[in-house]
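Chemist: Structure: coords.csv, CSV, C-alpha atoms.
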chain,number,residue,atom,x,y,z
C,1,MET,CA,-18.6,-64.4,33.9
C,2,THR,CA,-15.8,-62.3,32.3
C,3,THR,CA,-14.9,-58.8,33.4
C,4,THR,CA,-13.0,-56.2,31.4
C,5,SER,CA,-10.4,-54.2,33.2
C,6,THR,CA,-9.9,-50.5,32.4
C,7,PRO,CA,-6.4,-49.2,32.1
C,8,HIS,CA,-5.0,-47.3,35.1
C,9,PRO,CA,-5.3,-43.5,34.7
C,10,SER,CA,-1.6,-43.1,34.7
C,11,VAL,CA,-1.4,-45.7,31.8
C,12,ARG,CA,-4.0,-43.8,29.8
C,13,GLU,CA,-2.2,-40.5,30.4
C,14,THR,CA,1.1,-42.1,29.2
C,15,ARG,CA,-0.6,-43.4,26.0
C,16,GLU,CA,-2.2,-40.0,25.3
C,17,THR,CA,1.2,-38.4,25.8
C,18,ASP,CA,2.9,-40.8,23.5
C,19,LEU,CA,0.2,-40.2,20.8
C,20,GLN,CA,0.7,-36.4,21.1
C,21,LEU,CA,4.5,-36.7,20.9
C,22,ALA,CA,4.1,-39.0,17.8
C,23,GLY,CA,1.7,-36.5,16.2
C,24,ARG,CA,4.1,-33.6,16.8
C,25,ARG,CA,7.0,-35.6,15.4
C,26,ALA,CA,5.0,-36.5,12.3
C,27,LEU,CA,4.0,-32.8,11.9
C,28,LYS,CA,7.6,-31.7,12.3
C,29,ARG,CA,8.8,-34.2,9.7
C,30,ARG,CA,6.1,-33.1,7.3
C,31,THR,CA,7.0,-29.4,7.9
C,32,THR,CA,10.7,-30.1,7.3
C,33,THR,CA,9.9,-32.0,4.1
C,34,VAL,CA,7.7,-29.2,2.8
C,35,TRP,CA,10.5,-26.6,3.4
C,36,ILE,CA,13.0,-28.8,1.7
C,37,GLY,CA,10.7,-29.0,-1.3
C,38,ARG,CA,10.2,-25.3,-1.4
C,39,VAL,CA,13.9,-24.6,-1.3
C,40,ALA,CA,14.5,-27.2,-4.0
C,41,VAL,CA,11.9,-25.5,-6.3
C,42,ALA,CA,13.5,-22.1,-5.7
C,43,VAL,CA,17.0,-23.4,-6.4
C,44,PHE,CA,15.8,-25.1,-9.5
C,45,VAL,CA,13.9,-22.1,-10.9
C,46,ILE,CA,16.5,-19.4,-10.0
C,47,GLY,CA,19.5,-21.6,-10.9
C,48,GLY,CA,18.0,-22.7,-14.2
C,49,TRP,CA,17.1,-19.1,-15.0
C,50,GLN,CA,20.7,-18.0,-14.3
C,51,TRP,CA,22.1,-20.8,-16.2
C,52,PHE,CA,20.0,-20.4,-19.3
C,53,THR,CA,20.6,-16.6,-19.5
C,54,SER,CA,24.3,-17.0,-18.9
C,55,ALA,CA,24.5,-19.7,-21.6
C,56,GLY,CA,22.6,-17.4,-24.0
C,57,TRP,CA,19.7,-19.9,-24.4
C,58,VAL,CA,17.4,-17.2,-23.0
C,59,ASP,CA,17.9,-13.5,-23.9
C,60,LYS,CA,18.6,-11.7,-20.6
C,61,PHE,CA,17.8,-8.4,-22.3
C,62,PHE,CA,14.1,-9.3,-22.3
C,63,TYR,CA,13.9,-11.8,-19.4
C,64,GLY,CA,16.5,-10.4,-17.0
C,65,GLN,CA,18.8,-12.5,-14.9
C,66,PRO,CA,18.8,-13.4,-11.2
C,67,SER,CA,22.2,-11.9,-10.6
C,68,GLY,CA,21.0,-8.7,-12.3
C,69,ILE,CA,17.8,-8.7,-10.2
C,70,TRP,CA,19.9,-8.9,-7.1
C,71,ASP,CA,22.1,-6.0,-8.3
C,72,SER,CA,18.9,-4.0,-8.9
C,73,LEU,CA,17.6,-4.7,-5.4
C,74,VAL,CA,20.9,-3.6,-3.9
C,75,ARG,CA,20.8,-0.4,-6.0
C,76,LEU,CA,17.2,0.3,-5.1
C,77,PHE,CA,17.8,0.0,-1.4
C,78,THR,CA,21.2,1.9,-1.4
C,79,GLN,CA,20.8,4.5,-4.1
C,80,GLY,CA,17.1,4.9,-4.3
C,81,THR,CA,15.1,6.0,-7.3
C,82,ALA,CA,14.4,9.1,-9.3
C,83,PHE,CA,11.2,9.4,-7.2
C,84,GLY,CA,12.8,9.2,-3.8
C,85,THR,CA,14.0,6.3,-1.7
C,86,ILE,CA,12.6,2.8,-2.2
C,87,TRP,CA,11.2,2.9,1.3
C,88,GLU,CA,9.1,6.1,0.6
C,89,ASN,CA,7.7,4.5,-2.6
C,90,LEU,CA,7.1,1.2,-0.9
C,91,TRP,CA,5.3,2.9,2.0
C,92,ILE,CA,3.0,4.8,-0.4
C,93,THR,CA,2.1,1.6,-2.3
C,94,VAL,CA,1.5,-0.4,0.9
C,95,GLN,CA,-0.6,2.5,2.3
C,96,GLU,CA,-2.7,2.6,-0.8
C,97,ALA,CA,-3.2,-1.2,-0.8
C,98,PHE,CA,-4.0,-1.3,2.9
C,99,LEU,CA,-6.6,1.5,2.7
C,100,GLY,CA,-8.1,-0.1,-0.3
C,101,PHE,CA,-8.1,-3.5,1.4
C,102,LEU,CA,-9.8,-2.0,4.5
C,103,LEU,CA,-12.4,-0.1,2.5
C,104,GLY,CA,-13.2,-3.0,0.2
C,105,THR,CA,-13.4,-5.5,3.1
C,106,VAL,CA,-15.8,-3.5,5.1
C,107,THR,CA,-18.1,-2.7,2.2
C,108,GLY,CA,-17.9,-6.2,0.9
C,109,VAL,CA,-18.8,-7.7,4.3
C,110,VAL,CA,-21.6,-5.3,4.9
C,111,PHE,CA,-23.2,-5.7,1.4
C,112,GLY,CA,-22.6,-9.4,1.4
C,113,ILE,CA,-24.3,-10.0,4.7
C,114,LEU,CA,-27.1,-7.6,3.8
C,115,LEU,CA,-27.9,-9.0,0.4
C,116,GLY,CA,-27.3,-12.6,1.6
C,117,SER,CA,-29.9,-12.1,4.3
C,118,ASN,CA,-32.5,-10.3,2.3
C,119,ARG,CA,-33.6,-12.0,-1.0
C,120,TYR,CA,-35.5,-8.9,-2.1
C,121,LEU,CA,-32.4,-6.6,-1.9
C,122,ALA,CA,-30.4,-9.4,-3.6
C,123,SER,CA,-32.8,-9.5,-6.5
C,124,VAL,CA,-32.9,-5.7,-6.8
C,125,PHE,CA,-29.1,-5.0,-6.6
C,126,GLY,CA,-27.9,-8.3,-8.1
C,127,PRO,CA,-27.9,-7.2,-11.8
C,128,TYR,CA,-26.1,-3.9,-11.0
C,129,ILE,CA,-23.4,-5.7,-9.0
C,130,LYS,CA,-22.8,-8.0,-12.0
C,131,ILE,CA,-22.6,-5.0,-14.4
C,132,VAL,CA,-20.0,-3.2,-12.3
C,133,ASN,CA,-18.1,-6.5,-11.8
C,134,SER,CA,-17.9,-6.9,-15.6
C,135,ILE,CA,-16.2,-3.6,-16.2
C,136,PRO,CA,-12.5,-4.0,-16.9
C,137,ARG,CA,-10.5,-2.9,-13.9
C,138,ILE,CA,-8.0,-0.9,-16.0
C,139,VAL,CA,-11.0,1.1,-17.3
C,140,LEU,CA,-12.1,1.9,-13.8
C,141,GLY,CA,-8.5,2.9,-12.9
C,142,SER,CA,-8.5,5.4,-15.8
C,143,ILE,CA,-11.8,6.8,-14.7
C,144,PHE,CA,-10.7,7.2,-11.1
C,145,ILE,CA,-7.5,8.9,-12.2
C,146,VAL,CA,-9.4,11.3,-14.5
C,147,ALA,CA,-11.8,12.1,-11.7
C,148,PHE,CA,-9.5,12.3,-8.7
C,149,GLY,CA,-6.1,13.1,-10.2
C,150,LEU,CA,-2.7,11.4,-9.5
C,151,GLY,CA,-2.9,11.3,-5.7
C,152,VAL,CA,-3.7,8.4,-3.4
C,153,VAL,CA,-7.5,8.4,-3.8
C,154,PRO,CA,-7.7,6.7,-7.2
C,155,LYS,CA,-5.3,4.0,-6.1
C,156,VAL,CA,-7.3,3.3,-3.0
C,157,LEU,CA,-10.5,3.2,-4.9
C,158,LEU,CA,-9.3,0.8,-7.5
C,159,ALA,CA,-7.8,-1.5,-4.8
C,160,ALA,CA,-11.1,-1.3,-2.9
C,161,VAL,CA,-13.1,-2.3,-6.0
C,162,LEU,CA,-10.9,-5.4,-6.5
C,163,VAL,CA,-11.2,-6.4,-2.9
C,164,PHE,CA,-14.9,-5.7,-2.6
C,165,PHE,CA,-16.0,-8.3,-5.1
C,166,VAL,CA,-13.8,-11.0,-3.7
C,167,VAL,CA,-15.1,-10.4,-0.1
C,168,PHE,CA,-18.7,-9.7,-1.2
C,169,PHE,CA,-19.3,-12.9,-3.0
C,170,ASN,CA,-17.7,-14.9,-0.2
C,171,ALA,CA,-19.7,-13.1,2.5
C,172,PHE,CA,-22.9,-13.5,0.4
C,173,GLN,CA,-22.4,-17.2,-0.1
C,174,GLY,CA,-21.4,-17.6,3.5
C,175,VAL,CA,-24.7,-16.2,4.7
C,176,ARG,CA,-26.6,-18.3,2.2
C,177,GLU,CA,-24.9,-21.4,3.7
C,178,VAL,CA,-26.2,-20.7,7.2
C,179,ASP,CA,-28.6,-23.4,8.4
C,180,PRO,CA,-32.1,-22.0,8.0
C,181,ASN,CA,-33.4,-24.2,10.8
C,182,LEU,CA,-30.9,-22.6,13.2
C,183,VAL,CA,-32.0,-19.2,12.2
C,184,ALA,CA,-35.7,-20.1,12.6
C,185,ASN,CA,-35.1,-21.6,16.0
C,186,VAL,CA,-33.3,-18.4,17.2
C,187,ARG,CA,-36.2,-16.3,15.9
C,188,VAL,CA,-38.7,-18.5,17.7
C,189,LEU,CA,-36.8,-17.8,20.9
C,190,GLY,CA,-37.4,-14.1,20.3
C,191,ALA,CA,-34.1,-12.9,18.8
C,192,SER,CA,-34.3,-9.6,16.9
C,193,PRO,CA,-32.8,-9.4,13.3
C,194,ALA,CA,-29.7,-7.7,14.7
C,195,GLN,CA,-29.2,-10.4,17.3
C,196,VAL,CA,-29.7,-13.1,14.6
C,197,ALA,CA,-27.0,-11.4,12.5
C,198,ARG,CA,-24.6,-10.9,15.4
C,199,HIS,CA,-24.9,-14.3,17.0
C,200,VAL,CA,-25.8,-16.6,14.1
C,201,THR,CA,-25.3,-15.2,10.6
C,202,ILE,CA,-22.0,-13.4,11.0
C,203,PRO,CA,-20.2,-16.1,13.0
C,204,SER,CA,-21.4,-18.8,10.5
C,205,ALA,CA,-20.2,-16.7,7.5
C,206,MET,CA,-16.9,-15.7,9.2
C,207,THR,CA,-15.1,-18.8,7.8
C,208,TRP,CA,-16.0,-17.7,4.3
C,209,ILE,CA,-15.1,-14.1,4.9
C,210,ILE,CA,-11.7,-14.8,6.5
C,211,ALA,CA,-10.9,-17.2,3.6
C,212,SER,CA,-11.5,-14.4,1.1
C,213,LEU,CA,-9.1,-12.1,2.9
C,214,HIS,CA,-6.1,-14.3,1.9
C,215,THR,CA,-6.9,-13.6,-1.7
C,216,ALA,CA,-8.2,-10.1,-1.2
C,217,PHE,CA,-4.9,-8.5,0.0
C,218,GLY,CA,-3.2,-9.7,-3.2
C,219,PHE,CA,-5.9,-8.0,-5.2
C,220,ALA,CA,-5.4,-4.8,-3.2
C,221,ILE,CA,-1.7,-4.8,-4.1
C,222,ILE,CA,-2.6,-5.4,-7.8
C,223,GLY,CA,-5.1,-2.6,-7.7
C,224,ALA,CA,-2.6,-0.1,-6.2
C,225,LEU,CA,0.1,-1.1,-8.7
C,226,VAL,CA,-2.2,-1.0,-11.8
C,227,ALA,CA,-3.4,2.5,-10.8
C,228,GLU,CA,0.2,3.7,-10.2
C,229,VAL,CA,1.2,2.4,-13.6
C,230,LEU,CA,-1.7,4.3,-15.2
C,231,GLY,CA,-0.6,7.5,-13.5
C,232,ALA,CA,1.2,8.4,-10.3
C,233,GLN,CA,3.9,10.6,-8.7
C,234,HIS,CA,5.3,7.9,-6.4
C,235,GLY,CA,5.0,4.2,-5.8
C,236,ILE,CA,6.3,0.8,-6.8
C,237,GLY,CA,4.0,0.8,-9.8
C,238,LEU,CA,5.6,4.0,-11.1
C,239,ILE,CA,9.1,2.4,-10.7
C,240,ILE,CA,7.9,-0.6,-12.7
C,241,SER,CA,6.4,1.6,-15.4
C,242,GLN,CA,9.6,3.6,-15.7
C,243,SER,CA,11.8,0.5,-15.8
C,244,GLN,CA,9.5,-1.0,-18.5
C,245,GLY,CA,10.0,2.2,-20.6
C,246,ASN,CA,13.8,1.9,-20.1
C,247,PHE,CA,13.9,-1.8,-21.1
C,248,ASP,CA,15.1,-2.7,-17.6
C,249,PRO,CA,13.6,-6.1,-16.8
C,250,ASN,CA,15.9,-6.6,-13.8
C,251,THR,CA,14.4,-3.7,-11.9
C,252,VAL,CA,10.9,-4.8,-12.9
C,253,PHE,CA,11.5,-8.2,-11.4
C,254,ALA,CA,13.2,-6.6,-8.4
C,255,CYS,CA,10.0,-4.6,-7.7
C,256,MET,CA,8.0,-7.9,-8.0
C,257,VAL,CA,10.3,-9.5,-5.4
C,258,ILE,CA,9.6,-6.6,-3.0
C,259,VAL,CA,5.9,-6.8,-3.6
C,260,ALA,CA,6.0,-10.6,-3.1
C,261,VAL,CA,7.7,-10.2,0.3
C,262,VAL,CA,5.1,-7.6,1.4
C,263,THR,CA,2.3,-9.9,0.3
C,264,LEU,CA,3.7,-12.9,2.2
C,265,VAL,CA,4.0,-10.8,5.4
C,266,ALA,CA,0.4,-9.7,5.0
C,267,GLU,CA,-0.6,-13.3,4.4
C,268,TYR,CA,1.1,-14.3,7.7
C,269,LEU,CA,-0.7,-11.5,9.6
C,270,ILE,CA,-4.1,-12.5,8.1
C,271,THR,CA,-3.4,-16.1,9.2
C,272,LEU,CA,-2.8,-14.8,12.8
C,273,LEU,CA,-6.1,-12.9,12.5
C,274,GLU,CA,-7.9,-16.0,11.3
C,275,LYS,CA,-6.7,-18.0,14.2
C,276,ALA,CA,-7.7,-15.3,16.7
C,277,LEU,CA,-11.2,-14.8,15.2
C,278,LEU,CA,-12.0,-18.5,14.7
C,279,LYS,CA,-10.9,-19.9,18.0
C,280,TRP,CA,-14.4,-21.3,18.5
C,281,ARG,CA,-14.1,-23.4,15.4
C,282,PRO,CA,-13.3,-27.1,15.9
C,283,PRO,CA,-9.9,-28.0,14.5
C,284,SER,CA,-9.8,-29.6,11.1
C,285,ARG,CA,-8.4,-33.1,10.7
C,286,SER,CA,-4.9,-31.8,9.7
C,287,GLU,CA,-4.9,-29.5,12.7
C,288,ALA,CA,-6.2,-32.2,15.1
C,289,GLN,CA,-3.3,-34.5,14.1
C,290,ALA,CA,-0.9,-32.0,15.7
C,291,ILE,CA,-2.7,-31.9,19.0
Step by step, read the file and then write its structure as structure tokens.
Modeler:
Amino acid sequence: MTTTSTPHPSVRETRETDLQLAGRRALKRRTTTVWIGRVAVAVFVIGGWQWFTSAGWVDKFFYGQPSGIWDSLVRLFTQGTAFGTIWENLWITVQEAFLGFLLGTVTGVVFGILLGSNRYLASVFGPYIKIVNSIPRIVLGSIFIVAFGLGVVPKVLLAAVLVFFVVFFNAFQGVREVDPNLVANVRVLGASPAQVARHVTIPSAMTWIIASLHTAFGFAIIGALVAEVLGAQHGIGLIISQSQGNFDPNTVFACMVIVAVVTLVAEYLITLLEKALLKWRPPSRSEAQAI
């Protein structure tokens, strides 16, 4: 008769520790490799751009030049613009984008969950949502500016419209993906519709909703900038519009760099929010490898 011996607890703990260290080292190597690749791509694109424009193969009058973009950035942050300092204009654009992002997210989540949970309401309002979604955003921006003037309101509304549809469709689909058997079991146990939504529907759809936010803030920035280009008294979009009229591509690209930095910061904050709200979710395979 043969017997199998189990490893001593200290031996098992040592093996688990070794596996965790190996996983962390592998993750660190992968992160380093990714950053090397990112830097290499940036060097290739910016260096090639500078080289081609300096050699005259690409006309810098139309496409700008990295060194000229840097000079424009320095000038914007040191000398400001005709509409005030760059910080004032950036704050106005960020404020418009954030308010539009907040408004579009709240309404998108509410309508997405409501219509996703109620097939009758989805059938009634579905065609109208599709009609509004088919209207070109630049037309909506013009309508908002005519109706509300050149202030903050039309920029916030246009940003909110762009965010709304991104969040709405994800929230709607997230609710539709909830296991109907789970909902039925909760109702059998006596849960009210509000309790079903709070404890089952919303948590299950939260992954879809959070995933949409990564894209939604970029659309909020786009909405604010487009509305500012159509008509504004301040903002990054107004600087872009003026630079375009003056045939100054370097300042246009400089404003794009500023917007890109703001978007990356917002993406980082949304990622932190995602980790905080989805603590209950089991880690994915890529996340589990780092544990």
Chemist: Using all atoms listed in the file, pick whichever of C:Gly56, C:Lys155, C:Ala254, C:Ala266 has the shortest atom-to-atom distance to Ser142 in chain C.
Modeler: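 Closest to Ser142 in chain C, using all atoms listed in the file: C:Lys155.
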Chemist: Which is closer to Gln50 in chain C than all the others in C:Pro203, C:Gly141, C:Pro66, C:Gly235, using only C-alpha atoms?
Modeler: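 Closest candidate: C:Pro66.
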Chemist: Mind giving me the straight-line distance from CA of Ala159 in chain C to CA of Ala224 in chain C in Å, one decimal?
Modeler: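 The value is 5.6 Å.
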Chemist: Give me the residues of range 169-210 of chain C that have any atom at most 7 Å from an atom of range 98-119 of chain C; for each, the nearest atom pair and the distance in Å, rounded to one decimal. Use all atoms listed in the file, sort by chain and number, and format it as a tab-separated table.
Modeler:
residue	atom	partner	partner_atom	distance
C:Phe169	CA	C:Gly112	CA	6.5
C:Ala171	CA	C:Gly112	CA	4.8
C:Phe172	CA	C:Gly112	CA	4.2
C:Gln173	CA	C:Gly116	CA	6.9
C:Val175	CA	C:Gly116	CA	5.4
C:Arg176	CA	C:Gly116	CA	5.8
Chemist: Taking all atoms listed in the file into account, name the residue in C:Thr31, C:Gly68, C:Phe168, C:Val183 that is nearest to Ala122 in chain C.
Modeler: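 Using all atoms listed in the file, the shortest distance to Ala122 in chain C belongs to C:Phe168.
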Chemist: Report, in Å to a single decimal, how far apart CA of Glu96 in chain C and CA of Ala82 in chain C are.
Modeler: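 Computed distance, CA of Ala82 in chain C to CA of Glu96 in chain C, equals 20.2 Å.
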Chemist: Could you tell me which of C:Ala26, C:Gln65, C:Ser212, C:Pro136 comes closest to Gly47 in chain C if we count only C-alpha atoms?
Modeler: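 Closest candidate: C:Gln65.
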